[in-house]
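**Q** The structure file entry25.cif (mmCIF, N, CA and C atoms) is provided below.
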```cif
data_upload
loop_
_atom_site.label_atom_id
_atom_site.label_comp_id
_atom_site.auth_asym_id
_atom_site.auth_seq_id
_atom_site.Cartn_x
_atom_site.Cartn_y
_atom_site.Cartn_z
N MET A 18 0.85 -1.17 0.00
CA MET A 18 0.00 0.00 0.00
C MET A 18 0.90 1.24 0.00
N GLU A 19 0.60 2.17 -0.90
CA GLU A 19 1.33 3.44 -0.96
C GLU A 19 0.67 4.43 -0.01
N PHE A 20 1.44 4.98 0.91
CA PHE A 20 0.89 5.93 1.87
C PHE A 20 1.16 7.35 1.42
N ARG A 21 0.16 8.22 1.60
CA ARG A 21 0.29 9.64 1.28
C ARG A 21 0.92 10.35 2.47
N GLU A 22 1.70 11.38 2.18
CA GLU A 22 2.39 12.10 3.24
C GLU A 22 1.49 13.09 3.97
N ASN A 23 0.38 13.46 3.37
CA ASN A 23 -0.46 14.52 3.94
C ASN A 23 -1.53 14.02 4.91
N GLU A 24 -1.49 12.73 5.26
CA GLU A 24 -2.49 12.17 6.17
C GLU A 24 -1.83 11.10 7.04
N ALA A 25 -2.23 11.02 8.29
CA ALA A 25 -1.67 10.04 9.21
C ALA A 25 -1.85 8.62 8.66
N ILE A 26 -0.84 7.80 8.83
CA ILE A 26 -0.88 6.43 8.29
C ILE A 26 -2.02 5.64 8.90
N TYR A 27 -2.27 5.79 10.20
CA TYR A 27 -3.35 5.01 10.80
C TYR A 27 -4.70 5.36 10.19
N LEU A 28 -4.89 6.63 9.80
CA LEU A 28 -6.16 7.01 9.15
C LEU A 28 -6.26 6.42 7.75
N GLN A 29 -5.14 6.33 7.06
CA GLN A 29 -5.13 5.70 5.74
C GLN A 29 -5.43 4.20 5.85
N ILE A 30 -4.91 3.58 6.89
CA ILE A 30 -5.20 2.16 7.12
C ILE A 30 -6.67 1.98 7.49
N ALA A 31 -7.20 2.87 8.32
CA ALA A 31 -8.62 2.82 8.67
C ALA A 31 -9.48 2.96 7.40
N ALA A 32 -9.08 3.85 6.49
CA ALA A 32 -9.82 4.02 5.23
C ALA A 32 -9.72 2.75 4.39
N PHE A 33 -8.55 2.11 4.37
CA PHE A 33 -8.36 0.85 3.64
C PHE A 33 -9.27 -0.24 4.20
N VAL A 34 -9.32 -0.34 5.51
CA VAL A 34 -10.21 -1.32 6.15
C VAL A 34 -11.66 -0.98 5.80
N GLY A 35 -12.01 0.29 5.88
CA GLY A 35 -13.36 0.73 5.53
C GLY A 35 -13.73 0.39 4.10
N ASP A 36 -12.79 0.59 3.18
CA ASP A 36 -13.04 0.24 1.77
C ASP A 36 -13.35 -1.25 1.63
N ASN A 37 -12.57 -2.07 2.33
CA ASN A 37 -12.78 -3.52 2.26
C ASN A 37 -14.12 -3.93 2.86
N ILE A 38 -14.58 -3.20 3.84
CA ILE A 38 -15.91 -3.46 4.42
C ILE A 38 -17.00 -3.02 3.44
N LEU A 39 -16.84 -1.84 2.86
CA LEU A 39 -17.86 -1.32 1.94
C LEU A 39 -18.01 -2.17 0.68
N VAL A 40 -16.91 -2.71 0.16
CA VAL A 40 -17.01 -3.57 -1.03
C VAL A 40 -17.28 -5.03 -0.66
N GLU A 41 -17.49 -5.25 0.63
CA GLU A 41 -17.85 -6.55 1.19
C GLU A 41 -16.78 -7.62 0.98
N LYS A 42 -15.52 -7.18 0.96
CA LYS A 42 -14.42 -8.14 0.96
C LYS A 42 -14.29 -8.74 2.36
N TRP A 43 -14.48 -7.88 3.36
CA TRP A 43 -14.49 -8.32 4.75
C TRP A 43 -15.90 -8.10 5.27
N ILE A 44 -16.66 -9.17 5.42
CA ILE A 44 -18.05 -9.04 5.85
C ILE A 44 -18.27 -9.50 7.29
N GLU A 45 -17.30 -10.20 7.85
CA GLU A 45 -17.46 -10.68 9.22
C GLU A 45 -16.19 -10.43 10.01
N LYS A 46 -15.24 -11.35 9.94
CA LYS A 46 -14.00 -11.26 10.74
C LYS A 46 -12.93 -10.48 9.97
N LEU A 47 -12.23 -9.62 10.70
CA LEU A 47 -11.14 -8.84 10.12
C LEU A 47 -9.81 -9.57 10.31
N PRO A 48 -8.81 -9.23 9.49
CA PRO A 48 -7.48 -9.80 9.73
C PRO A 48 -6.97 -9.35 11.11
N SER A 49 -6.14 -10.18 11.72
CA SER A 49 -5.56 -9.80 13.01
C SER A 49 -4.65 -8.59 12.81
N VAL A 50 -4.32 -7.95 13.92
CA VAL A 50 -3.43 -6.79 13.88
C VAL A 50 -2.10 -7.18 13.23
N ARG A 51 -1.53 -8.28 13.68
CA ARG A 51 -0.23 -8.71 13.14
C ARG A 51 -0.33 -9.09 11.66
N GLU A 52 -1.40 -9.75 11.29
CA GLU A 52 -1.58 -10.15 9.88
C GLU A 52 -1.67 -8.92 8.98
N LEU A 53 -2.51 -7.95 9.35
CA LEU A 53 -2.67 -6.77 8.51
C LEU A 53 -1.38 -5.94 8.51
N ALA A 54 -0.71 -5.85 9.66
CA ALA A 54 0.56 -5.11 9.72
C ALA A 54 1.58 -5.74 8.77
N GLY A 55 1.63 -7.06 8.75
CA GLY A 55 2.54 -7.75 7.84
C GLY A 55 2.18 -7.51 6.38
N ASP A 56 0.89 -7.59 6.07
CA ASP A 56 0.44 -7.36 4.69
C ASP A 56 0.76 -5.95 4.21
N LEU A 57 0.58 -4.97 5.11
CA LEU A 57 0.79 -3.56 4.73
C LEU A 57 2.21 -3.07 5.01
N GLN A 58 3.00 -3.92 5.66
CA GLN A 58 4.39 -3.61 6.01
C GLN A 58 4.47 -2.34 6.87
N VAL A 59 3.68 -2.37 7.94
CA VAL A 59 3.69 -1.27 8.92
C VAL A 59 3.83 -1.87 10.31
N ASN A 60 4.07 -1.01 11.27
CA ASN A 60 4.18 -1.41 12.66
C ASN A 60 2.80 -1.87 13.16
N PRO A 61 2.74 -2.99 13.91
CA PRO A 61 1.45 -3.44 14.45
C PRO A 61 0.74 -2.38 15.30
N ASN A 62 1.50 -1.51 15.96
CA ASN A 62 0.88 -0.45 16.76
C ASN A 62 0.08 0.52 15.88
N THR A 63 0.53 0.72 14.66
CA THR A 63 -0.19 1.60 13.73
C THR A 63 -1.51 0.97 13.32
N VAL A 64 -1.51 -0.33 13.07
CA VAL A 64 -2.75 -1.04 12.74
C VAL A 64 -3.67 -1.03 13.95
N MET A 65 -3.11 -1.24 15.14
CA MET A 65 -3.92 -1.21 16.36
C MET A 65 -4.60 0.15 16.51
N ARG A 66 -3.88 1.21 16.22
CA ARG A 66 -4.46 2.56 16.31
C ARG A 66 -5.60 2.73 15.30
N ALA A 67 -5.42 2.21 14.10
CA ALA A 67 -6.47 2.27 13.08
C ALA A 67 -7.70 1.49 13.54
N TYR A 68 -7.49 0.30 14.07
CA TYR A 68 -8.60 -0.51 14.57
C TYR A 68 -9.30 0.18 15.74
N GLU A 69 -8.53 0.80 16.64
CA GLU A 69 -9.15 1.52 17.76
C GLU A 69 -10.00 2.69 17.25
N PHE A 70 -9.51 3.38 16.25
CA PHE A 70 -10.25 4.48 15.64
C PHE A 70 -11.59 3.96 15.09
N LEU A 71 -11.55 2.82 14.40
CA LEU A 71 -12.77 2.24 13.83
C LEU A 71 -13.71 1.71 14.91
N GLN A 72 -13.16 1.27 16.04
CA GLN A 72 -14.01 0.85 17.16
C GLN A 72 -14.74 2.04 17.75
N VAL A 73 -14.06 3.16 17.89
CA VAL A 73 -14.69 4.37 18.41
C VAL A 73 -15.81 4.82 17.48
N LYS A 74 -15.60 4.66 16.18
CA LYS A 74 -16.62 5.03 15.18
C LYS A 74 -17.72 3.97 15.07
N GLU A 75 -17.61 2.91 15.86
CA GLU A 75 -18.59 1.81 15.90
C GLU A 75 -18.71 1.07 14.57
N VAL A 76 -17.57 0.97 13.86
CA VAL A 76 -17.50 0.26 12.59
C VAL A 76 -17.08 -1.19 12.81
N ILE A 77 -16.23 -1.41 13.79
CA ILE A 77 -15.78 -2.77 14.11
C ILE A 77 -15.96 -3.03 15.60
N LEU A 78 -16.03 -4.31 15.94
CA LEU A 78 -16.21 -4.76 17.32
C LEU A 78 -15.08 -5.70 17.70
N ASN A 79 -14.63 -5.60 18.94
CA ASN A 79 -13.62 -6.51 19.46
C ASN A 79 -14.31 -7.54 20.34
N ARG A 80 -14.23 -8.78 19.92
CA ARG A 80 -14.76 -9.88 20.74
C ARG A 80 -13.56 -10.54 21.41
N ARG A 81 -13.39 -10.23 22.66
CA ARG A 81 -12.21 -10.68 23.41
C ARG A 81 -11.93 -12.16 23.21
N GLY A 82 -10.69 -12.42 22.86
CA GLY A 82 -10.25 -13.80 22.69
C GLY A 82 -10.64 -14.41 21.35
N ILE A 83 -11.47 -13.73 20.58
CA ILE A 83 -11.92 -14.27 19.29
C ILE A 83 -11.35 -13.45 18.14
N GLY A 84 -11.40 -12.11 18.27
CA GLY A 84 -10.86 -11.26 17.22
C GLY A 84 -11.73 -10.04 16.98
N LEU A 85 -11.44 -9.38 15.89
CA LEU A 85 -12.17 -8.17 15.50
C LEU A 85 -13.16 -8.51 14.39
N PHE A 86 -14.34 -7.91 14.50
CA PHE A 86 -15.42 -8.22 13.57
C PHE A 86 -16.08 -6.94 13.05
N VAL A 87 -16.67 -7.05 11.88
CA VAL A 87 -17.43 -5.95 11.29
C VAL A 87 -18.71 -5.78 12.10
N ALA A 88 -18.99 -4.55 12.53
CA ALA A 88 -20.19 -4.26 13.30
C ALA A 88 -21.43 -4.36 12.40
N PRO A 89 -22.59 -4.66 12.98
CA PRO A 89 -23.81 -4.80 12.18
C PRO A 89 -24.14 -3.58 11.31
N GLU A 90 -23.92 -2.38 11.82
CA GLU A 90 -24.25 -1.15 11.08
C GLU A 90 -23.01 -0.51 10.46
N ALA A 91 -21.97 -1.30 10.22
CA ALA A 91 -20.68 -0.77 9.77
C ALA A 91 -20.78 0.05 8.49
N LYS A 92 -21.46 -0.45 7.50
CA LYS A 92 -21.53 0.26 6.22
C LYS A 92 -22.19 1.63 6.38
N GLU A 93 -23.26 1.69 7.13
CA GLU A 93 -23.95 2.96 7.34
C GLU A 93 -23.07 3.94 8.12
N LYS A 94 -22.39 3.43 9.16
CA LYS A 94 -21.51 4.27 9.97
C LYS A 94 -20.36 4.82 9.12
N LEU A 95 -19.78 3.96 8.27
CA LEU A 95 -18.70 4.39 7.40
C LEU A 95 -19.17 5.47 6.43
N LYS A 96 -20.31 5.24 5.81
CA LYS A 96 -20.84 6.21 4.85
C LYS A 96 -21.14 7.54 5.53
N ASP A 97 -21.72 7.50 6.72
CA ASP A 97 -22.02 8.72 7.46
C ASP A 97 -20.73 9.49 7.78
N TYR A 98 -19.72 8.78 8.28
CA TYR A 98 -18.45 9.41 8.63
C TYR A 98 -17.78 10.01 7.40
N ARG A 99 -17.73 9.23 6.33
CA ARG A 99 -17.07 9.71 5.12
C ARG A 99 -17.82 10.87 4.47
N LYS A 100 -19.14 10.82 4.52
CA LYS A 100 -19.93 11.92 3.97
C LYS A 100 -19.67 13.20 4.75
N GLU A 101 -19.69 13.10 6.08
CA GLU A 101 -19.43 14.26 6.94
C GLU A 101 -18.04 14.83 6.67
N ARG A 102 -17.07 13.95 6.56
CA ARG A 102 -15.69 14.39 6.30
C ARG A 102 -15.59 15.03 4.92
N PHE A 103 -16.20 14.43 3.92
CA PHE A 103 -16.15 14.97 2.57
C PHE A 103 -16.78 16.35 2.51
N LEU A 104 -17.98 16.47 3.07
CA LEU A 104 -18.69 17.75 3.03
C LEU A 104 -17.98 18.84 3.83
N GLY A 105 -17.33 18.46 4.91
CA GLY A 105 -16.68 19.44 5.76
C GLY A 105 -15.27 19.80 5.35
N GLN A 106 -14.54 18.86 4.73
CA GLN A 106 -13.13 19.10 4.42
C GLN A 106 -12.82 19.12 2.94
N GLU A 107 -13.26 18.09 2.23
CA GLU A 107 -12.87 17.95 0.83
C GLU A 107 -13.68 18.82 -0.12
N LEU A 108 -14.97 18.95 0.13
CA LEU A 108 -15.81 19.74 -0.76
C LEU A 108 -15.41 21.22 -0.77
N PRO A 109 -15.15 21.84 0.39
CA PRO A 109 -14.69 23.24 0.33
C PRO A 109 -13.40 23.40 -0.49
N GLU A 110 -12.49 22.46 -0.37
CA GLU A 110 -11.25 22.51 -1.16
C GLU A 110 -11.56 22.34 -2.65
N PHE A 111 -12.48 21.45 -2.96
CA PHE A 111 -12.93 21.25 -4.34
C PHE A 111 -13.52 22.55 -4.91
N PHE A 112 -14.41 23.18 -4.14
CA PHE A 112 -15.03 24.43 -4.58
C PHE A 112 -13.97 25.51 -4.81
N LYS A 113 -12.99 25.58 -3.91
CA LYS A 113 -11.91 26.55 -4.06
C LYS A 113 -11.18 26.33 -5.38
N ASN A 114 -10.87 25.07 -5.67
CA ASN A 114 -10.14 24.75 -6.90
C ASN A 114 -10.94 25.05 -8.16
N ILE A 115 -12.23 24.70 -8.18
CA ILE A 115 -12.99 24.98 -9.40
C ILE A 115 -13.17 26.49 -9.59
N ALA A 116 -13.25 27.25 -8.50
CA ALA A 116 -13.34 28.71 -8.62
C ALA A 116 -12.02 29.28 -9.16
N LEU A 117 -10.90 28.82 -8.62
CA LEU A 117 -9.59 29.30 -9.07
C LEU A 117 -9.32 28.96 -10.53
N LEU A 118 -9.83 27.81 -10.96
CA LEU A 118 -9.58 27.34 -12.33
C LEU A 118 -10.69 27.72 -13.31
N ASP A 119 -11.68 28.46 -12.83
CA ASP A 119 -12.82 28.87 -13.68
C ASP A 119 -13.50 27.69 -14.36
N ILE A 120 -13.76 26.66 -13.60
CA ILE A 120 -14.47 25.49 -14.12
C ILE A 120 -15.94 25.68 -13.76
N SER A 121 -16.81 25.55 -14.76
CA SER A 121 -18.24 25.78 -14.51
C SER A 121 -18.89 24.56 -13.87
N ILE A 122 -19.98 24.82 -13.17
CA ILE A 122 -20.77 23.74 -12.58
C ILE A 122 -21.31 22.83 -13.70
N ASP A 123 -21.64 23.41 -14.86
CA ASP A 123 -22.12 22.60 -15.98
C ASP A 123 -21.07 21.60 -16.44
N GLU A 124 -19.80 22.03 -16.48
CA GLU A 124 -18.74 21.10 -16.87
C GLU A 124 -18.56 20.01 -15.82
N ILE A 125 -18.64 20.38 -14.56
CA ILE A 125 -18.55 19.38 -13.48
C ILE A 125 -19.69 18.38 -13.61
N LYS A 126 -20.90 18.89 -13.82
CA LYS A 126 -22.07 18.01 -13.96
C LYS A 126 -21.91 17.05 -15.13
N GLN A 127 -21.45 17.56 -16.26
CA GLN A 127 -21.27 16.72 -17.45
C GLN A 127 -20.23 15.63 -17.19
N ARG A 128 -19.14 16.00 -16.54
CA ARG A 128 -18.10 15.00 -16.24
C ARG A 128 -18.57 13.99 -15.21
N TYR A 129 -19.37 14.44 -14.26
CA TYR A 129 -19.93 13.52 -13.26
C TYR A 129 -20.86 12.52 -13.94
N GLU A 130 -21.70 12.98 -14.84
CA GLU A 130 -22.61 12.09 -15.56
C GLU A 130 -21.83 11.08 -16.39
N THR A 131 -20.75 11.51 -17.03
CA THR A 131 -19.90 10.59 -17.80
C THR A 131 -19.26 9.57 -16.86
N PHE A 132 -18.79 10.03 -15.72
CA PHE A 132 -18.18 9.14 -14.73
C PHE A 132 -19.16 8.07 -14.28
N THR A 133 -20.41 8.47 -13.96
CA THR A 133 -21.37 7.49 -13.46
C THR A 133 -21.80 6.50 -14.53
N LYS A 134 -21.76 6.91 -15.80
CA LYS A 134 -22.08 5.98 -16.88
C LYS A 134 -20.98 4.95 -17.05
N ILE A 135 -19.73 5.40 -16.99
CA ILE A 135 -18.57 4.52 -17.17
C ILE A 135 -18.40 3.60 -15.97
N ASN A 136 -18.52 4.16 -14.81
CA ASN A 136 -18.34 3.39 -13.57
C ASN A 136 -19.69 2.89 -13.12
N HIS A 137 -19.95 2.90 -11.87
CA HIS A 137 -21.24 2.45 -11.35
C HIS A 137 -22.04 3.66 -10.90
N LYS A 138 -23.31 3.50 -10.88
CA LYS A 138 -24.16 4.57 -10.34
C LYS A 138 -24.06 4.52 -8.82
N PRO A 139 -23.87 5.67 -8.17
CA PRO A 139 -23.81 5.66 -6.71
C PRO A 139 -25.15 5.27 -6.12
N GLU A 140 -25.08 4.61 -4.95
CA GLU A 140 -26.33 4.22 -4.26
C GLU A 140 -27.05 5.46 -3.81
N GLN A 141 -28.37 5.42 -3.91
CA GLN A 141 -29.18 6.53 -3.42
C GLN A 141 -29.33 6.42 -1.92
N SER A 142 -29.13 7.54 -1.22
CA SER A 142 -29.24 7.52 0.24
C SER A 142 -30.60 7.98 0.67
#
```
Just give me the structure as structure tokens.
**A**
Amino acid sequence: MEFRENEAIYLQIAAFVGDNILVEKWIEKLPSVRELAGDLQVNPNTVMRAYEFLQVKEVILNRRGIGLFVAPEAKEKLKDYRKERFLGQELPEFFKNIALLDISIDEIKQRYETFTKINHKPEQS
């Protein structure tokens, strides 16, 4: 996994875990801390911090002695968290960039429509 310099590694790992939950690669039990640390070539403490972050967000559950599991409402919790983060942090930056570059909302809309045709249609909330 390639890590970006502008974001804490544990948050990037949490996002990676979240992606795997959202695409239903991990639907029940998660890899152990040591297993995921080995796969991602990071310190196990960093994976532990990512897992703790996801536990606080109620995305994963720790069943003592058994392991970490996807919480029943994990997908909804992830979408809510990511939506809040996107609207609060990324969207203002996006708006700033389109204003600086004189990109019209019509051009954005046209490109978004092309994107959704080529890729998948986003789920309606």
**Q** Would you compute the box with edges along x, y and z of the file around range 86-104 of chain A, including every atom the file lists for it and 5 Å extra on each side, and give its centre and edge lengths in Å to one decimal, as lines of an AutoDock Vina configuration file?
**A**
```
center_x = -19.3
center_y = 5.3
center_z = 8.5
size_x = 19.9
size_y = 37.1
size_z = 22.0
```
**Q** Got a sec: who's within 5 Å of range 44-49 of chain A, counting all atoms listed in the file, leaving out chain neighbours fewer than 4 positions off, as a ChimeraX atom specification?
**A** /A:53,85-87
**Q** Which residue, A:Ala32, A:Leu108, A:Leu57, A:Met18, has the smallest gap to Lys96 in chain A when you use only C-alpha atoms?
**A**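 Nearest to Lys96 in chain A: A:Ala32.
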**Q** In Å, how far is it from CA of Glu52 in chain A to atom C of Tyr98 in chain A?
**A** 26.0 Å
**Q** So what does the PyMOL selection byres ((chain A and resi 66-81) around 8) actually pick up in this one, as a ChimeraX atom specification?
**A** /A:26-32,60-65,82-92,94-95
**Q** With N, CA and C atoms retained, could you export that selection as a CSV table (one decimal), in the coordinates of the input?
**A**
```
chain,number,residue,atom,x,y,z
A,26,ILE,N,-0.8,7.8,8.8
A,26,ILE,CA,-0.9,6.4,8.3
A,26,ILE,C,-2.0,5.6,8.9
A,27,TYR,N,-2.3,5.8,10.2
A,27,TYR,CA,-3.4,5.0,10.8
A,27,TYR,C,-4.7,5.4,10.2
A,28,LEU,N,-4.9,6.6,9.8
A,28,LEU,CA,-6.2,7.0,9.2
A,28,LEU,C,-6.3,6.4,7.8
A,29,GLN,N,-5.1,6.3,7.1
A,29,GLN,CA,-5.1,5.7,5.7
A,29,GLN,C,-5.4,4.2,5.8
A,30,ILE,N,-4.9,3.6,6.9
A,30,ILE,CA,-5.2,2.2,7.1
A,30,ILE,C,-6.7,2.0,7.5
A,31,ALA,N,-7.2,2.9,8.3
A,31,ALA,CA,-8.6,2.8,8.7
A,31,ALA,C,-9.5,3.0,7.4
A,32,ALA,N,-9.1,3.8,6.5
A,32,ALA,CA,-9.8,4.0,5.2
A,32,ALA,C,-9.7,2.8,4.4
A,60,ASN,N,4.1,-1.0,11.3
A,60,ASN,CA,4.2,-1.4,12.7
A,60,ASN,C,2.8,-1.9,13.2
A,61,PRO,N,2.7,-3.0,13.9
A,61,PRO,CA,1.4,-3.4,14.4
A,61,PRO,C,0.7,-2.4,15.3
A,62,ASN,N,1.5,-1.5,16.0
A,62,ASN,CA,0.9,-0.4,16.8
A,62,ASN,C,0.1,0.5,15.9
A,63,THR,N,0.5,0.7,14.7
A,63,THR,CA,-0.2,1.6,13.7
A,63,THR,C,-1.5,1.0,13.3
A,64,VAL,N,-1.5,-0.3,13.1
A,64,VAL,CA,-2.8,-1.0,12.7
A,64,VAL,C,-3.7,-1.0,14.0
A,65,MET,N,-3.1,-1.2,15.1
A,65,MET,CA,-3.9,-1.2,16.4
A,65,MET,C,-4.6,0.2,16.5
A,82,GLY,N,-10.7,-12.4,22.9
A,82,GLY,CA,-10.2,-13.8,22.7
A,82,GLY,C,-10.6,-14.4,21.4
A,83,ILE,N,-11.5,-13.7,20.6
A,83,ILE,CA,-11.9,-14.3,19.3
A,83,ILE,C,-11.4,-13.4,18.1
A,84,GLY,N,-11.4,-12.1,18.3
A,84,GLY,CA,-10.9,-11.3,17.2
A,84,GLY,C,-11.7,-10.0,17.0
A,85,LEU,N,-11.4,-9.4,15.9
A,85,LEU,CA,-12.2,-8.2,15.5
A,85,LEU,C,-13.2,-8.5,14.4
A,86,PHE,N,-14.3,-7.9,14.5
A,86,PHE,CA,-15.4,-8.2,13.6
A,86,PHE,C,-16.1,-6.9,13.0
A,87,VAL,N,-16.7,-7.0,11.9
A,87,VAL,CA,-17.4,-6.0,11.3
A,87,VAL,C,-18.7,-5.8,12.1
A,88,ALA,N,-19.0,-4.6,12.5
A,88,ALA,CA,-20.2,-4.3,13.3
A,88,ALA,C,-21.4,-4.4,12.4
A,89,PRO,N,-22.6,-4.7,13.0
A,89,PRO,CA,-23.8,-4.8,12.2
A,89,PRO,C,-24.1,-3.6,11.3
A,90,GLU,N,-23.9,-2.4,11.8
A,90,GLU,CA,-24.2,-1.2,11.1
A,90,GLU,C,-23.0,-0.5,10.5
A,91,ALA,N,-22.0,-1.3,10.2
A,91,ALA,CA,-20.7,-0.8,9.8
A,91,ALA,C,-20.8,0.0,8.5
A,92,LYS,N,-21.5,-0.4,7.5
A,92,LYS,CA,-21.5,0.3,6.2
A,92,LYS,C,-22.2,1.6,6.4
A,94,LYS,N,-22.4,3.4,9.2
A,94,LYS,CA,-21.5,4.3,10.0
A,94,LYS,C,-20.4,4.8,9.1
A,95,LEU,N,-19.8,4.0,8.3
A,95,LEU,CA,-18.7,4.4,7.4
A,95,LEU,C,-19.2,5.5,6.4
```
**Q** Which of range 25-140 of chain A counts as strand (DSSP E or B) under DSSP, as a list in words please?
**A**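 Taking range 25-140 of chain A and keeping strand (DSSP E or B) gives Lys46, Ile77, Leu78, Asn79, Arg80, Gly84, Leu85, Phe86 and Val87 of chain A.
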**Q** Could you take the residues named above and write them with N, CA and C atoms, as a compact mmCIF listing (two decimals), keeping the file's coordinate frame?
**A**
```
# COMPACT_ATOMS: atom_id res chain seq x y z
N LYS A 46 -15.24 -11.35 9.94
CA LYS A 46 -14.00 -11.26 10.74
C LYS A 46 -12.93 -10.48 9.97
N ILE A 77 -16.23 -1.41 13.79
CA ILE A 77 -15.78 -2.77 14.11
C ILE A 77 -15.96 -3.03 15.60
N LEU A 78 -16.03 -4.31 15.94
CA LEU A 78 -16.21 -4.76 17.32
C LEU A 78 -15.08 -5.70 17.70
N ASN A 79 -14.63 -5.60 18.94
CA ASN A 79 -13.62 -6.51 19.46
C ASN A 79 -14.31 -7.54 20.34
N ARG A 80 -14.23 -8.78 19.92
CA ARG A 80 -14.76 -9.88 20.74
C ARG A 80 -13.56 -10.54 21.41
N GLY A 84 -11.40 -12.11 18.27
CA GLY A 84 -10.86 -11.26 17.22
C GLY A 84 -11.73 -10.04 16.98
N LEU A 85 -11.44 -9.38 15.89
CA LEU A 85 -12.17 -8.17 15.50
C LEU A 85 -13.16 -8.51 14.39
N PHE A 86 -14.34 -7.91 14.50
CA PHE A 86 -15.42 -8.22 13.57
C PHE A 86 -16.08 -6.94 13.05
N VAL A 87 -16.67 -7.05 11.88
CA VAL A 87 -17.43 -5.95 11.29
C VAL A 87 -18.71 -5.78 12.10
```
**Q** Just list as a count of residues only whatever in chain A DSSP marks as alpha helix (DSSP H).
**A** 71
**Q** Under the rule that only C-alpha atoms are counted, which of A:Asp119, A:Val59, A:Phe112, A:Asp97 is the nearest residue to Gly35 in chain A?
**A**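 Closest to Gly35 in chain A of all the choices is A:Asp97.
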**Q** Enter the distance from CA of Asn114 in chain A to CA of Glu22 in chain A, in Å, rounded to one decimal.
**A**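 We find that CA of Asn114 in chain A and CA of Glu22 in chain A lie 20.5 Å from each other.
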